[in-house]
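Coordinates from data.cif are shown below (mmCIF, C-alpha atoms, pLDDT in the B column; chains and numbers go by the auth columns).
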data_my_file
loop_
_atom_site.group_PDB
_atom_site.id
_atom_site.type_symbol
_atom_site.label_atom_id
_atom_site.label_comp_id
_atom_site.label_asym_id
_atom_site.label_seq_id
_atom_site.Cartn_x
_atom_site.Cartn_y
_atom_site.Cartn_z
_atom_site.B_iso_or_equiv
_atom_site.auth_seq_id
_atom_site.auth_asym_id
ATOM 1 C CA MET A 1 -6.173 14.949 -14.051 57.00 57 A
ATOM 2 C CA SER A 2 -5.695 14.020 -17.681 71.00 58 A
ATOM 3 C CA ILE A 3 -6.095 10.425 -18.880 80.00 59 A
ATOM 4 C CA THR A 4 -3.687 9.277 -21.592 91.00 60 A
ATOM 5 C CA TYR A 5 -4.786 7.157 -24.552 94.00 61 A
ATOM 6 C CA ALA A 6 -2.671 4.272 -23.264 92.00 62 A
ATOM 7 C CA GLN A 7 -4.309 4.473 -19.828 94.00 63 A
ATOM 8 C CA ARG A 8 -7.774 4.523 -21.384 94.00 64 A
ATOM 9 C CA ILE A 9 -6.974 1.497 -23.564 95.00 65 A
ATOM 10 C CA ILE A 10 -5.739 -0.519 -20.579 94.00 66 A
ATOM 11 C CA GLU A 11 -8.757 0.469 -18.470 94.00 67 A
ATOM 12 C CA ASP A 12 -11.111 -0.518 -21.309 96.00 68 A
ATOM 13 C CA LEU A 13 -9.270 -3.839 -21.695 95.00 69 A
ATOM 14 C CA ILE A 14 -9.621 -4.540 -17.973 95.00 70 A
ATOM 15 C CA GLU A 15 -13.354 -3.819 -18.189 96.00 71 A
ATOM 16 C CA LEU A 16 -13.756 -6.172 -21.174 97.00 72 A
ATOM 17 C CA LEU A 17 -11.870 -8.895 -19.315 96.00 73 A
ATOM 18 C CA ARG A 18 -14.049 -8.345 -16.231 96.00 74 A
ATOM 19 C CA GLN A 19 -17.189 -8.716 -18.357 96.00 75 A
ATOM 20 C CA ASP A 20 -15.809 -11.943 -19.869 97.00 76 A
ATOM 21 C CA GLY A 21 -15.165 -13.415 -16.413 96.00 77 A
ATOM 22 C CA TYR A 22 -11.392 -13.085 -16.149 96.00 78 A
ATOM 23 C CA ASP A 23 -9.955 -12.542 -12.689 95.00 79 A
ATOM 24 C CA SER A 24 -6.447 -11.265 -13.425 95.00 80 A
ATOM 25 C CA LEU A 25 -4.177 -9.705 -16.013 94.00 81 A
ATOM 26 C CA LYS A 26 -0.414 -10.184 -16.038 94.00 82 A
ATOM 27 C CA LEU A 27 2.276 -8.523 -18.100 93.00 83 A
ATOM 28 C CA ILE A 28 6.045 -8.376 -18.279 94.00 84 A
ATOM 29 C CA VAL A 29 7.905 -5.123 -18.977 95.00 85 A
ATOM 30 C CA TYR A 30 11.565 -4.224 -19.421 94.00 86 A
ATOM 31 C CA ASP A 31 12.798 -3.191 -15.971 94.00 87 A
ATOM 32 C CA LYS A 32 14.353 0.023 -17.378 94.00 88 A
ATOM 33 C CA ASN A 33 11.112 1.110 -19.117 95.00 89 A
ATOM 34 C CA VAL A 34 10.080 3.680 -16.520 95.00 90 A
ATOM 35 C CA ALA A 35 7.113 4.913 -18.587 93.00 91 A
ATOM 36 C CA ALA A 36 5.581 1.422 -18.931 93.00 92 A
ATOM 37 C CA ILE A 37 6.078 0.655 -15.238 95.00 93 A
ATOM 38 C CA SER A 38 4.611 4.007 -14.221 95.00 94 A
ATOM 39 C CA LEU A 39 1.570 3.560 -16.493 94.00 95 A
ATOM 40 C CA SER A 40 0.993 0.033 -15.215 95.00 96 A
ATOM 41 C CA LYS A 41 1.071 1.201 -11.601 95.00 97 A
ATOM 42 C CA LYS A 42 -1.165 4.181 -12.423 94.00 98 A
ATOM 43 C CA VAL A 43 -3.977 1.855 -13.560 94.00 99 A
ATOM 44 C CA GLY A 44 -3.559 -0.477 -10.585 95.00 100 A
ATOM 45 C CA PHE A 45 -0.934 -3.085 -11.462 97.00 101 A
ATOM 46 C CA LYS A 46 1.345 -4.330 -8.689 96.00 102 A
ATOM 47 C CA THR A 47 4.847 -5.722 -9.037 95.00 103 A
ATOM 48 C CA ALA A 48 4.754 -9.521 -9.143 93.00 104 A
ATOM 49 C CA PRO A 49 7.329 -11.689 -7.408 91.00 105 A
ATOM 50 C CA GLY A 50 9.817 -13.494 -9.572 88.00 106 A
ATOM 51 C CA HIS A 51 12.586 -12.774 -12.013 85.00 107 A
ATOM 52 C CA TYR A 52 12.279 -12.753 -15.783 91.00 108 A
ATOM 53 C CA ILE A 53 14.935 -12.463 -18.482 93.00 109 A
ATOM 54 C CA PHE A 54 14.257 -11.627 -22.130 92.00 110 A
ATOM 55 C CA ILE A 55 16.533 -13.313 -24.661 91.00 111 A
ATOM 56 C CA ASN A 56 16.141 -12.055 -28.218 90.00 112 A
ATOM 57 C CA LYS A 57 16.503 -15.181 -30.354 92.00 113 A
ATOM 58 C CA PHE A 58 16.643 -13.073 -33.522 94.00 114 A
ATOM 59 C CA ARG A 59 19.624 -11.081 -32.227 93.00 115 A
ATOM 60 C CA PRO A 60 21.754 -13.585 -30.318 90.00 116 A
ATOM 61 C CA ASN A 61 24.556 -11.072 -29.686 93.00 117 A
ATOM 62 C CA GLU A 62 22.212 -8.598 -28.000 92.00 118 A
ATOM 63 C CA PRO A 63 22.572 -8.610 -24.203 93.00 119 A
ATOM 64 C CA HIS A 64 19.785 -10.227 -22.188 93.00 120 A
ATOM 65 C CA ARG A 65 17.278 -7.847 -20.571 93.00 121 A
ATOM 66 C CA ASN A 66 15.960 -8.053 -17.039 95.00 122 A
ATOM 67 C CA MET A 67 12.186 -7.926 -17.013 95.00 123 A
ATOM 68 C CA LEU A 68 9.660 -7.006 -14.339 95.00 124 A
ATOM 69 C CA GLY A 69 6.406 -8.913 -13.838 95.00 125 A
ATOM 70 C CA MET A 70 3.273 -6.865 -13.183 96.00 126 A
ATOM 71 C CA GLU A 71 -0.156 -8.181 -12.191 96.00 127 A
ATOM 72 C CA TYR A 72 -3.646 -6.764 -11.842 96.00 128 A
ATOM 73 C CA TYR A 73 -6.428 -8.601 -10.018 96.00 129 A
ATOM 74 C CA ILE A 74 -9.887 -7.880 -11.378 93.00 130 A
ATOM 75 C CA ASN A 75 -12.600 -7.672 -8.714 79.00 131 A
#

Could you take the file, read its structure, and then write that structure out as structure tokens?
Amino acid sequence: MSITYAQRIIEDLIELLRQDGYDSLKLIVYDKNVAAISLSKKVGFKTAPGHYIFINKFRPNEPHRNMLGMEYYIN
């Protein structure tokens, strides 16, 4: 199985956070961004409960985006 650069970067980040004593990592992704959701799940993130909406304050006429919370608990 081939590891992507993005996967390696996230795994290295998780290891650095573990070494610094952090116990979790949370992120929010656009709910239509299948690649980001897939990558997050591939490295161990789980879908977090809750509902998030992104409002672009620099483009007020742009429609709001539904976002998905993801969380990873560092052992």

* Could you list the residues chosen by the PyMOL selection byres ((chain A and resi 88) around 10) in this structure as a PyMOL selection string? => chain A and resi 85-87+89-93+121-124

* Within 12 Å of Thr103 in chain A, counting only C-alpha atoms, which residues qualify if same-chain residues fewer than 2 places away don't, as a ChimeraX atom specification? -> /A:82-85,87,93-94,96-97,100-101,105-107,123-129

Emit the selected residues as a CSV table (one decimal), in the frame of the given file, including C-alpha atoms.
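What ended up in part18.csv:
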chain,number,residue,atom,x,y,z
A,82,LYS,CA,-0.4,-10.2,-16.0
A,83,LEU,CA,2.3,-8.5,-18.1
A,84,ILE,CA,6.0,-8.4,-18.3
A,85,VAL,CA,7.9,-5.1,-19.0
A,87,ASP,CA,12.8,-3.2,-16.0
A,93,ILE,CA,6.1,0.7,-15.2
A,94,SER,CA,4.6,4.0,-14.2
A,96,SER,CA,1.0,0.0,-15.2
A,97,LYS,CA,1.1,1.2,-11.6
A,100,GLY,CA,-3.6,-0.5,-10.6
A,101,PHE,CA,-0.9,-3.1,-11.5
A,105,PRO,CA,7.3,-11.7,-7.4
A,106,GLY,CA,9.8,-13.5,-9.6
A,107,HIS,CA,12.6,-12.8,-12.0
A,123,MET,CA,12.2,-7.9,-17.0
A,124,LEU,CA,9.7,-7.0,-14.3
A,125,GLY,CA,6.4,-8.9,-13.8
A,126,MET,CA,3.3,-6.9,-13.2
A,127,GLU,CA,-0.2,-8.2,-12.2
A,128,TYR,CA,-3.6,-6.8,-11.8
A,129,TYR,CA,-6.4,-8.6,-10.0

* Rank A:Glu71, A:Tyr61, A:Ile66, A:His120 by their smallest atom-to-atom distance to Val99 in chain A, using all atoms listed in the file, and report the top residue only. =>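 So, comparing all the options, the nearest one is A:Ile66.
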
* How many Å lie between CA of Leu81 in chain A and CA of Ala62 in chain A, rounded to one decimal? ->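 Distance between the two atoms: 15.8 Å.
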
* Å distance separating CA of Asp79 in chain A from CA of Thr60 in chain A, one decimal place -> 24.4 Å

Can you report as AutoDock Vina command-line options the centre and edge lengths in Å, to one decimal, of an axis-aligned box around the listed atoms of range 60-65 of chain A padded with 4 Å on each side?
--center_x -5.2 --center_y 5.4 --center_z -22.2 --size_x 13.1 --size_y 15.8 --size_z 12.7

* **Counting all atoms listed in the file, the option among A:Ile65, A:Ile130, A:Ile109, A:Leu72 closest to Leu95 in chain A** =>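 Result for the nearest residue to Leu95 in chain A: A:Ile65.
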
* Asked: For the atom pair CA of Glu67 in chain A and CA of Phe110 in chain A, what is the interatomic distance in Å to one decimal place?
  ->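 Between CA of Glu67 in chain A and CA of Phe110 in chain A the gap is 26.3 Å.
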